[in-house]
file data.pdb (PDB, C-alpha atoms)
ATOM      1  CA  MET Z   1      18.281  -3.321 -22.701  1.00  0.00           C
ATOM      2  CA  SER Z   2      17.221  -6.333 -24.744  1.00  0.00           C
ATOM      3  CA  SER Z   3      20.244  -8.370 -23.591  1.00  0.00           C
ATOM      4  CA  GLY Z   4      19.369  -7.621 -19.954  1.00  0.00           C
ATOM      5  CA  PHE Z   5      15.810  -8.784 -20.438  1.00  0.00           C
ATOM      6  CA  ASP Z   6      16.987 -11.855 -22.347  1.00  0.00           C
ATOM      7  CA  ALA Z   7      19.110 -12.796 -19.360  1.00  0.00           C
ATOM      8  CA  LEU Z   8      16.182 -12.073 -17.053  1.00  0.00           C
ATOM      9  CA  ALA Z   9      13.859 -14.263 -19.127  1.00  0.00           C
ATOM     10  CA  GLU Z  10      16.340 -17.120 -18.880  1.00  0.00           C
ATOM     11  CA  LEU Z  11      16.742 -16.579 -15.138  1.00  0.00           C
ATOM     12  CA  VAL Z  12      13.002 -16.706 -14.381  1.00  0.00           C
ATOM     13  CA  ARG Z  13      12.155 -19.530 -16.791  1.00  0.00           C
ATOM     14  CA  GLY Z  14      10.263 -22.214 -14.854  1.00  0.00           C
ATOM     15  CA  ALA Z  15      10.615 -20.274 -11.590  1.00  0.00           C
ATOM     16  CA  THR Z  16       8.103 -18.755  -9.144  1.00  0.00           C
ATOM     17  CA  PHE Z  17       8.135 -15.804  -6.729  1.00  0.00           C
ATOM     18  CA  ASP Z  18       9.508 -18.030  -3.966  1.00  0.00           C
ATOM     19  CA  ASP Z  19      12.639 -18.722  -6.021  1.00  0.00           C
ATOM     20  CA  PHE Z  20      13.914 -15.139  -5.715  1.00  0.00           C
ATOM     21  CA  LEU Z  21      14.920 -12.483  -3.234  1.00  0.00           C
ATOM     22  CA  LEU Z  22      15.525  -8.799  -3.847  1.00  0.00           C
ATOM     23  CA  ARG Z  23      19.196  -7.838  -3.737  1.00  0.00           C
ATOM     24  CA  PRO Z  24      19.380  -4.880  -1.304  1.00  0.00           C
ATOM     25  CA  GLN Z  25      20.844  -1.629  -2.615  1.00  0.00           C
ATOM     26  CA  TYR Z  26      22.064   1.467  -0.794  1.00  0.00           C
ATOM     27  CA  SER Z  27      18.972   3.255   0.517  1.00  0.00           C
ATOM     28  CA  VAL Z  28      18.590   6.923  -0.402  1.00  0.00           C
ATOM     29  CA  ILE Z  29      15.399   7.704   1.519  1.00  0.00           C
ATOM     30  CA  GLU Z  30      15.217   8.811   5.136  1.00  0.00           C
ATOM     31  CA  ARG Z  31      11.919   7.141   6.041  1.00  0.00           C
ATOM     32  CA  ARG Z  32       9.898   4.264   4.629  1.00  0.00           C
ATOM     33  CA  ASP Z  33       6.750   6.305   4.934  1.00  0.00           C
ATOM     34  CA  PRO Z  34       3.945   6.256   2.321  1.00  0.00           C
ATOM     35  CA  SER Z  35       3.161   9.883   3.174  1.00  0.00           C
ATOM     36  CA  VAL Z  36       6.576  11.082   1.940  1.00  0.00           C
ATOM     37  CA  ILE Z  37       7.410   8.561  -0.827  1.00  0.00           C
ATOM     38  CA  ASP Z  38       5.912   8.987  -4.294  1.00  0.00           C
ATOM     39  CA  LEU Z  39       3.941   5.815  -5.014  1.00  0.00           C
ATOM     40  CA  SER Z  40       1.997   7.174  -7.983  1.00  0.00           C
ATOM     41  CA  CYS Z  41       1.586   4.976 -11.045  1.00  0.00           C
ATOM     42  CA  ARG Z  42      -0.357   4.693 -14.288  1.00  0.00           C
ATOM     43  CA  PHE Z  43      -3.627   2.769 -14.172  1.00  0.00           C
ATOM     44  CA  SER Z  44      -4.512   3.585 -17.764  1.00  0.00           C
ATOM     45  CA  THR Z  45      -3.535   6.075 -20.443  1.00  0.00           C
ATOM     46  CA  HIS Z  46      -5.558   8.852 -18.827  1.00  0.00           C
ATOM     47  CA  ILE Z  47      -5.750   7.763 -15.179  1.00  0.00           C
ATOM     48  CA  THR Z  48      -2.904   8.088 -12.668  1.00  0.00           C
ATOM     49  CA  LEU Z  49      -3.266   6.627  -9.186  1.00  0.00           C
ATOM     50  CA  LYS Z  50      -1.578   8.068  -6.104  1.00  0.00           C
ATOM     51  CA  ARG Z  51      -1.107   4.531  -4.797  1.00  0.00           C
ATOM     52  CA  PRO Z  52      -0.715   1.268  -6.781  1.00  0.00           C
ATOM     53  CA  LEU Z  53      -3.877  -0.233  -5.322  1.00  0.00           C
ATOM     54  CA  VAL Z  54      -6.542  -1.918  -7.445  1.00  0.00           C
ATOM     55  CA  SER Z  55      -9.191  -4.275  -6.079  1.00  0.00           C
ATOM     56  CA  ALA Z  56     -10.671  -6.913  -8.375  1.00  0.00           C
ATOM     57  CA  ASN Z  57     -14.136  -6.675  -9.913  1.00  0.00           C
ATOM     58  CA  MET Z  58     -15.422  -9.697  -7.997  1.00  0.00           C
ATOM     59  CA  ASP Z  59     -18.656  -9.851  -6.035  1.00  0.00           C
ATOM     60  CA  THR Z  60     -16.833 -11.061  -2.904  1.00  0.00           C
ATOM     61  CA  VAL Z  61     -14.139  -8.376  -3.213  1.00  0.00           C
ATOM     62  CA  THR Z  62     -15.293  -4.993  -4.510  1.00  0.00           C
ATOM     63  CA  ARG Z  63     -18.576  -3.395  -3.645  1.00  0.00           C
ATOM     64  CA  ALA Z  64     -18.999   0.173  -2.363  1.00  0.00           C
ATOM     65  CA  PRO Z  65     -17.196  -0.285   1.026  1.00  0.00           C
ATOM     66  CA  MET Z  66     -14.027  -1.659  -0.599  1.00  0.00           C
ATOM     67  CA  ALA Z  67     -14.074   0.933  -3.392  1.00  0.00           C
ATOM     68  CA  ILE Z  68     -14.429   3.741  -0.839  1.00  0.00           C
ATOM     69  CA  VAL Z  69     -11.381   2.573   1.117  1.00  0.00           C
ATOM     70  CA  GLN Z  70      -9.367   2.151  -2.066  1.00  0.00           C
ATOM     71  CA  ALA Z  71     -10.242   5.669  -3.213  1.00  0.00           C
ATOM     72  CA  GLU Z  72      -9.454   7.223   0.180  1.00  0.00           C
ATOM     73  CA  GLU Z  73      -6.063   5.502   0.224  1.00  0.00           C
ATOM     74  CA  GLY Z  74      -5.231   6.680  -3.310  1.00  0.00           C
ATOM     75  CA  GLY Z  75      -6.138   3.579  -5.298  1.00  0.00           C
ATOM     76  CA  ILE Z  76      -9.204   2.422  -7.196  1.00  0.00           C
ATOM     77  CA  GLY Z  77     -11.821  -0.291  -6.741  1.00  0.00           C
ATOM     78  CA  ILE Z  78     -13.497  -1.850  -9.765  1.00  0.00           C
ATOM     79  CA  ILE Z  79     -17.178  -2.404  -8.910  1.00  0.00           C
ATOM     80  CA  ASP Z  80     -18.105  -5.944  -9.872  1.00  0.00           C
ATOM     81  CA  ARG Z  81     -20.740  -6.931 -12.412  1.00  0.00           C
ATOM     82  CA  GLY Z  82     -21.857  -9.930 -10.397  1.00  0.00           C
ATOM     83  CA  PHE Z  83     -25.493  -8.885 -10.512  1.00  0.00           C
ATOM     84  CA  ARG Z  84     -28.281 -10.315 -12.626  1.00  0.00           C
ATOM     85  CA  ASN Z  85     -27.395 -10.364 -16.331  1.00  0.00           C
ATOM     86  CA  GLY Z  86     -28.574  -7.235 -18.106  1.00  0.00           C
ATOM     87  CA  ASP Z  87     -29.412  -5.429 -14.850  1.00  0.00           C
ATOM     88  CA  ILE Z  88     -26.971  -2.551 -14.363  1.00  0.00           C
ATOM     89  CA  GLU Z  89     -29.014  -0.614 -11.803  1.00  0.00           C
ATOM     90  CA  PRO Z  90     -27.503  -2.381  -8.739  1.00  0.00           C
ATOM     91  CA  GLN Z  91     -24.016  -1.654 -10.073  1.00  0.00           C
ATOM     92  CA  VAL Z  92     -24.955   1.990 -10.652  1.00  0.00           C
ATOM     93  CA  ARG Z  93     -26.203   2.245  -7.048  1.00  0.00           C
ATOM     94  CA  GLU Z  94     -22.880   0.899  -5.767  1.00  0.00           C
ATOM     95  CA  VAL Z  95     -21.019   3.522  -7.796  1.00  0.00           C
ATOM     96  CA  GLU Z  96     -23.305   6.252  -6.444  1.00  0.00           C
ATOM     97  CA  LYS Z  97     -22.501   5.198  -2.875  1.00  0.00           C
ATOM     98  CA  VAL Z  98     -18.801   5.637  -3.602  1.00  0.00           C
ATOM     99  CA  LYS Z  99     -19.280   9.014  -5.293  1.00  0.00           C
ATOM    100  CA  ARG Z 100     -21.323  10.331  -2.370  1.00  0.00           C
ATOM    101  CA  MET Z 101     -18.558   9.497   0.090  1.00  0.00           C
ATOM    102  CA  GLN Z 102     -16.707  12.810   0.168  1.00  0.00           C
ATOM    103  CA  HIS Z 103     -15.752  13.226   3.809  1.00  0.00           C
ATOM    104  CA  ILE Z 104     -12.858  11.353   5.374  1.00  0.00           C
ATOM    105  CA  ILE Z 105     -12.557  10.863   9.130  1.00  0.00           C
ATOM    106  CA  ILE Z 106      -8.956  11.112  10.308  1.00  0.00           C
ATOM    107  CA  ARG Z 107      -8.852   8.834  13.309  1.00  0.00           C
ATOM    108  CA  ASP Z 108      -5.378   9.827  14.520  1.00  0.00           C
ATOM    109  CA  PRO Z 109      -4.902  13.510  13.619  1.00  0.00           C
ATOM    110  CA  TYR Z 110      -1.774  15.481  14.444  1.00  0.00           C
ATOM    111  CA  ALA Z 111      -2.672  17.348  17.625  1.00  0.00           C
ATOM    112  CA  VAL Z 112      -1.242  19.993  19.945  1.00  0.00           C
ATOM    113  CA  THR Z 113      -2.352  21.345  23.301  1.00  0.00           C
ATOM    114  CA  PRO Z 114      -3.469  24.911  24.051  1.00  0.00           C
ATOM    115  CA  GLU Z 115      -0.064  25.441  25.701  1.00  0.00           C
ATOM    116  CA  THR Z 116       1.923  24.463  22.581  1.00  0.00           C
ATOM    117  CA  SER Z 117       3.970  27.358  21.205  1.00  0.00           C
ATOM    118  CA  LEU Z 118       3.543  28.546  17.629  1.00  0.00           C
ATOM    119  CA  ALA Z 119       7.151  27.593  16.904  1.00  0.00           C
ATOM    120  CA  ALA Z 120       6.562  24.017  18.097  1.00  0.00           C
ATOM    121  CA  ALA Z 121       3.317  23.788  16.109  1.00  0.00           C
ATOM    122  CA  ALA Z 122       5.043  25.091  12.975  1.00  0.00           C
ATOM    123  CA  SER Z 123       7.855  22.564  13.478  1.00  0.00           C
ATOM    124  CA  LEU Z 124       5.337  19.716  13.802  1.00  0.00           C
ATOM    125  CA  MET Z 125       3.535  20.818  10.632  1.00  0.00           C
ATOM    126  CA  LYS Z 126       6.832  20.920   8.756  1.00  0.00           C
ATOM    127  CA  ARG Z 127       7.879  17.442   9.935  1.00  0.00           C
ATOM    128  CA  SER Z 128       4.482  15.832   9.338  1.00  0.00           C
ATOM    129  CA  ARG Z 129       3.614  17.846   6.207  1.00  0.00           C
ATOM    130  CA  ALA Z 130       0.191  18.425   7.737  1.00  0.00           C
ATOM    131  CA  GLY Z 131      -1.681  21.546   6.724  1.00  0.00           C
ATOM    132  CA  THR Z 132      -3.837  21.581   9.860  1.00  0.00           C
ATOM    133  CA  LEU Z 133      -3.341  20.679  13.503  1.00  0.00           C
ATOM    134  CA  VAL Z 134      -6.057  19.838  16.013  1.00  0.00           C
ATOM    135  CA  VAL Z 135      -5.902  21.686  19.328  1.00  0.00           C
ATOM    136  CA  VAL Z 136      -7.078  19.384  22.114  1.00  0.00           C
ATOM    137  CA  ASP Z 137      -7.113  19.464  25.894  1.00  0.00           C
ATOM    138  CA  ASP Z 138      -7.033  16.439  28.197  1.00  0.00           C
ATOM    139  CA  ALA Z 139     -10.825  16.016  28.187  1.00  0.00           C
ATOM    140  CA  ILE Z 140     -11.024  15.950  24.392  1.00  0.00           C
ATOM    141  CA  ARG Z 141      -8.006  13.647  24.157  1.00  0.00           C
ATOM    142  CA  ASP Z 142      -9.713  11.172  26.496  1.00  0.00           C
ATOM    143  CA  ARG Z 143     -12.739  11.103  24.199  1.00  0.00           C
ATOM    144  CA  LEU Z 144     -10.532  10.594  21.165  1.00  0.00           C
ATOM    145  CA  ASP Z 145      -8.636   7.760  22.815  1.00  0.00           C
ATOM    146  CA  VAL Z 146     -11.278   5.112  22.154  1.00  0.00           C
ATOM    147  CA  GLU Z 147     -10.995   1.632  20.783  1.00  0.00           C
ATOM    148  CA  ASP Z 148     -10.367   1.661  17.050  1.00  0.00           C
ATOM    149  CA  ASP Z 149     -13.117  -0.169  15.176  1.00  0.00           C
ATOM    150  CA  GLU Z 150     -10.742  -0.776  12.294  1.00  0.00           C
ATOM    151  CA  VAL Z 151      -8.628  -3.340  14.086  1.00  0.00           C
ATOM    152  CA  VAL Z 152      -7.959  -6.413  11.963  1.00  0.00           C
ATOM    153  CA  ASP Z 153      -7.486  -9.860  13.453  1.00  0.00           C
ATOM    154  CA  LEU Z 154      -4.677 -11.515  11.502  1.00  0.00           C
ATOM    155  CA  GLU Z 155      -2.843 -14.750  12.095  1.00  0.00           C
ATOM    156  CA  ALA Z 156      -0.129 -15.981   9.765  1.00  0.00           C
ATOM    157  CA  LEU Z 157       3.290 -17.586   9.857  1.00  0.00           C
ATOM    158  CA  GLY Z 158       5.593 -17.566   6.866  1.00  0.00           C
ATOM    159  CA  ALA Z 159       9.232 -17.096   5.976  1.00  0.00           C
ATOM    160  CA  GLU Z 160      10.373 -13.707   4.680  1.00  0.00           C
ATOM    161  CA  GLY Z 161       9.751 -13.386   0.963  1.00  0.00           C
ATOM    162  CA  THR Z 162       7.177 -16.160   0.796  1.00  0.00           C
ATOM    163  CA  GLU Z 163       3.602 -15.824  -0.378  1.00  0.00           C
ATOM    164  CA  VAL Z 164       1.070 -16.808   2.284  1.00  0.00           C
ATOM    165  CA  SER Z 165      -2.713 -16.758   2.491  1.00  0.00           C
ATOM    166  CA  VAL Z 166      -3.893 -14.842   5.551  1.00  0.00           C
ATOM    167  CA  PRO Z 167      -7.499 -15.107   6.808  1.00  0.00           C
ATOM    168  CA  ALA Z 168      -8.598 -11.642   7.969  1.00  0.00           C
ATOM    169  CA  ARG Z 169     -11.552 -10.305   9.892  1.00  0.00           C
ATOM    170  CA  GLY Z 170     -12.309  -6.604  10.143  1.00  0.00           C
ATOM    171  CA  SER Z 171     -11.641  -3.497   8.081  1.00  0.00           C
ATOM    172  CA  VAL Z 172      -9.481  -3.716   4.975  1.00  0.00           C
ATOM    173  CA  ARG Z 173      -7.911  -0.296   5.645  1.00  0.00           C
ATOM    174  CA  PRO Z 174      -5.111  -1.466   8.008  1.00  0.00           C
ATOM    175  CA  ILE Z 175      -4.228  -4.212   5.518  1.00  0.00           C
ATOM    176  CA  VAL Z 176      -3.991  -1.673   2.688  1.00  0.00           C
ATOM    177  CA  GLN Z 177      -1.813   0.590   4.831  1.00  0.00           C
ATOM    178  CA  ASP Z 178       0.482  -2.339   5.684  1.00  0.00           C
ATOM    179  CA  ILE Z 179       0.815  -3.147   1.988  1.00  0.00           C
ATOM    180  CA  LEU Z 180       1.896   0.431   1.299  1.00  0.00           C
ATOM    181  CA  LYS Z 181       4.476   0.308   4.106  1.00  0.00           C
ATOM    182  CA  HIS Z 182       5.961  -2.907   2.717  1.00  0.00           C
ATOM    183  CA  LEU Z 183       6.027  -1.370  -0.754  1.00  0.00           C
ATOM    184  CA  CYS Z 184       7.995   1.567   0.655  1.00  0.00           C
ATOM    185  CA  SER Z 185      10.445  -0.934   2.150  1.00  0.00           C
ATOM    186  CA  SER Z 186      10.909  -2.492  -1.301  1.00  0.00           C
ATOM    187  CA  ILE Z 187      11.624   0.935  -2.789  1.00  0.00           C
ATOM    188  CA  SER Z 188      14.171   1.527  -0.020  1.00  0.00           C
ATOM    189  CA  TYR Z 189      15.820  -1.866  -0.664  1.00  0.00           C
ATOM    190  CA  GLY Z 190      16.025  -0.991  -4.346  1.00  0.00           C
ATOM    191  CA  GLY Z 191      17.850   2.277  -3.708  1.00  0.00           C
ATOM    192  CA  ALA Z 192      15.119   4.393  -5.342  1.00  0.00           C
ATOM    193  CA  ARG Z 193      13.186   7.472  -4.215  1.00  0.00           C
ATOM    194  CA  SER Z 194       9.860   6.614  -5.830  1.00  0.00           C
ATOM    195  CA  LEU Z 195       7.961   3.713  -7.357  1.00  0.00           C
ATOM    196  CA  GLU Z 196       8.480   5.099 -10.857  1.00  0.00           C
ATOM    197  CA  GLU Z 197      12.221   5.518 -10.281  1.00  0.00           C
ATOM    198  CA  LEU Z 198      12.461   1.899  -9.082  1.00  0.00           C
ATOM    199  CA  ARG Z 199      10.595   0.753 -12.200  1.00  0.00           C
ATOM    200  CA  GLN Z 200      12.972   2.670 -14.457  1.00  0.00           C
ATOM    201  CA  MET Z 201      16.044   1.352 -12.618  1.00  0.00           C
ATOM    202  CA  PHE Z 202      14.788  -2.218 -12.905  1.00  0.00           C
ATOM    203  CA  ARG Z 203      14.106  -1.817 -16.625  1.00  0.00           C
ATOM    204  CA  ALA Z 204      17.634  -0.485 -17.148  1.00  0.00           C
ATOM    205  CA  ASP Z 205      19.360  -3.347 -15.290  1.00  0.00           C
ATOM    206  CA  PRO Z 206      16.957  -6.105 -14.127  1.00  0.00           C
ATOM    207  CA  MET Z 207      19.715  -8.545 -13.158  1.00  0.00           C
ATOM    208  CA  ARG Z 208      20.997  -6.100 -10.555  1.00  0.00           C
ATOM    209  CA  TYR Z 209      17.960  -6.552  -8.315  1.00  0.00           C
ATOM    210  CA  LEU Z 210      17.221 -10.284  -8.250  1.00  0.00           C
ATOM    211  CA  VAL Z 211      18.955 -13.107  -6.414  1.00  0.00           C
ATOM    212  CA  LYS Z 212      17.922 -16.638  -7.353  1.00  0.00           C
ATOM    213  CA  LEU Z 213      17.899 -18.974  -4.394  1.00  0.00           C
ATOM    214  CA  SER Z 214      19.717 -22.269  -4.557  1.00  0.00           C
ATOM    215  CA  ALA Z 215      17.938 -25.477  -3.601  1.00  0.00           C
ATOM    216  CA  SER Z 216      19.679 -25.539  -0.212  1.00  0.00           C
ATOM    217  CA  ALA Z 217      18.806 -21.874   0.453  1.00  0.00           C
ATOM    218  CA  LYS Z 218      15.154 -22.570  -0.342  1.00  0.00           C
ATOM    219  CA  ARG Z 219      15.110 -25.500   2.050  1.00  0.00           C
ATOM    220  CA  GLU Z 220      16.656 -23.372   4.786  1.00  0.00           C
ATOM    221  CA  SER Z 221      14.223 -20.507   4.197  1.00  0.00           C
ATOM    222  CA  TYR Z 222      10.949 -22.279   3.573  1.00  0.00           C
ATOM    223  CA  GLU Z 223      10.993 -25.836   4.906  1.00  0.00           C
ATOM    224  CA  ARG Z 224      10.401 -25.135   8.623  1.00  0.00           C
TER     225      ARG Z 224
END

call {"tool": "encode", "arguments": {"input": "data.pdb", "output": "structure tokens"}}
result
Amino acid sequence: MSSGFDALAELVRGATFDDFLLRPQYSVIERRDPSVIDLSCRFSTHITLKRPLVSANMDTVTRAPMAIVQAEEGGIGIIDRGFRNGDIEPQVREVEKVKRMQHIIIRDPYAVTPETSLAAAASLMKRSRAGTLVVVDDAIRDRLDVEDDEVVDLEALGAEGTEVSVPARGSVRPIVQDILKHLCSSISYGGARSLEELRQMFRADPMRYLVKLSASAKRESYER
């Protein structure tokens, strides 16, 4: 393993993220879906997260609203200490807001109609891995079909594999969900079934997964 990491260290010396692409492997998963792919990871010795999501302890990043979303999506938000020095009460209040948030609203639940057969409902539950289905008629469905207040206005243009800064307005939840979908794509490209399996495979043979771009390839990819 040491020789592999020695070669990796030499490969990445003086390089940045934009200098590499992932070398695609044979995919072994049926769907790139965060609900069916194990994305759990270690946050600390005694804390395991269901999703590899951690928001920074900065006053402009993590207060109660961000920490609540992170927790609901399986990650963790670190409440900032950007209050007055020596005054921990505001930080404690932010933590209390997060702890009190126990109910999650599912905005797009799996639903059936009163005419749906039990066999069809059971099939839907098996495919979606949902433990509960909502029975709705046309009137209820019309009320549910309202404008989502968690729409995010994004505008960005960048080549695949590049790092771009994207101004965003709106809820952070759709952004978090997009991150998880892209992470699932990376696991699929790597030929793994879970985040932990991909990590172990990379540790065993890191050179198998990275392609270093030549100067001409970088110009073709990024200089547009």

call {"tool": "closest_residue", "arguments": {"input": "data.pdb", "among": "Z:Leu133, Z:Gln25, Z:Arg63, Z:Val36", "to": "Met201 of chain Z", "atoms": "all atoms listed in the file"}}
result
Z:Gln25

call {"tool": "atom_distance", "arguments": {"input": "data.pdb", "atom1": "atom CA of Glu30 of chain Z", "atom2": "atom CA of Leu180 of chain Z"}}
result
16.2 Å

call {"tool": "closest_residue", "arguments": {"input": "data.pdb", "among": "Z:Asp38, Z:Asp33, Z:Asp18, Z:Glu10", "to": "Glu196 of chain Z", "atoms": "only C-alpha atoms"}}
result
Z:Asp38

call {"tool": "resolve_selection", "arguments": {"input": "data.pdb", "expression": "the PyMOL selection byres ((chain Z and resi 175-178) around 9)", "output": "list in words"}}
result
Pro34, Leu53, Val69, Gln70, Glu73, Val152, Ala168, Ser171, Val172, Arg173, Pro174, Ile179, Leu180, Lys181, His182 and Leu183 of chain Z

call {"tool": "closest_residue", "arguments": {"input": "data.pdb", "among": "Z:Pro109, Z:Val61, Z:Leu39, Z:Met66", "to": "Leu124 of chain Z", "atoms": "all atoms listed in the file"}}
result
Z:Pro109

call {"tool": "residues_around", "arguments": {"input": "data.pdb", "residues": "Val92 of chain Z", "least_positions_apart": "5", "cutoff": "12 Å", "atoms": "all atoms listed in the file", "output": "PDB file with C-alpha atoms, keeping the file's coordinate frame"}}
result
ATOM      1  CA  ARG Z  63     -18.576  -3.395  -3.645  1.00  0.00           C
ATOM      2  CA  ALA Z  64     -18.999   0.173  -2.363  1.00  0.00           C
ATOM      3  CA  ILE Z  79     -17.178  -2.404  -8.910  1.00  0.00           C
ATOM      4  CA  ASP Z  80     -18.105  -5.944  -9.872  1.00  0.00           C
ATOM      5  CA  ARG Z  81     -20.740  -6.931 -12.412  1.00  0.00           C
ATOM      6  CA  PHE Z  83     -25.493  -8.885 -10.512  1.00  0.00           C
ATOM      7  CA  ASP Z  87     -29.412  -5.429 -14.850  1.00  0.00           C
ATOM      8  CA  LYS Z  97     -22.501   5.198  -2.875  1.00  0.00           C
ATOM      9  CA  VAL Z  98     -18.801   5.637  -3.602  1.00  0.00           C
ATOM     10  CA  LYS Z  99     -19.280   9.014  -5.293  1.00  0.00           C
TER      11      LYS Z  99
END

call {"tool": "residues_around", "arguments": {"input": "data.pdb", "residues": "Lys50 of chain Z", "least_positions_apart": "3", "cutoff": "7 Å", "atoms": "all atoms listed in the file", "output": "CSV table (one decimal) with C-alpha atoms, in the frame of the given file"}}
result
chain,number,residue,atom,x,y,z
Z,39,LEU,CA,3.9,5.8,-5.0
Z,40,SER,CA,2.0,7.2,-8.0
Z,41,CYS,CA,1.6,5.0,-11.0
Z,74,GLY,CA,-5.2,6.7,-3.3
Z,75,GLY,CA,-6.1,3.6,-5.3

call {"tool": "atom_distance", "arguments": {"input": "data.pdb", "atom1": "atom CA of Asp137 of chain Z", "atom2": "atom CA of Val112 of chain Z"}}
result
8.4 Å

call {"tool": "closest_residue", "arguments": {"input": "data.pdb", "among": "Z:Met125, Z:Ile37, Z:Ile187, Z:Val135", "to": "Tyr209 of chain Z", "atoms": "all atoms listed in the file"}}
result
Z:Ile187

call {"tool": "atom_distance", "arguments": {"input": "data.pdb", "atom1": "atom CA of Arg31 of chain Z", "atom2": "atom CA of Ser185 of chain Z"}}
result
9.1 Å

call {"tool": "resolve_selection", "arguments": {"input": "data.pdb", "expression": "the PyMOL selection byres ((chain Z and resi 189) around 9)", "output": "list of chain:residue names"}}
result
Z:Leu22, Z:Arg23, Z:Pro24, Z:Gln25, Z:Tyr26, Z:Ser27, Z:Cys184, Z:Ser185, Z:Ser186, Z:Ile187, Z:Ser188, Z:Gly190, Z:Gly191, Z:Ala192
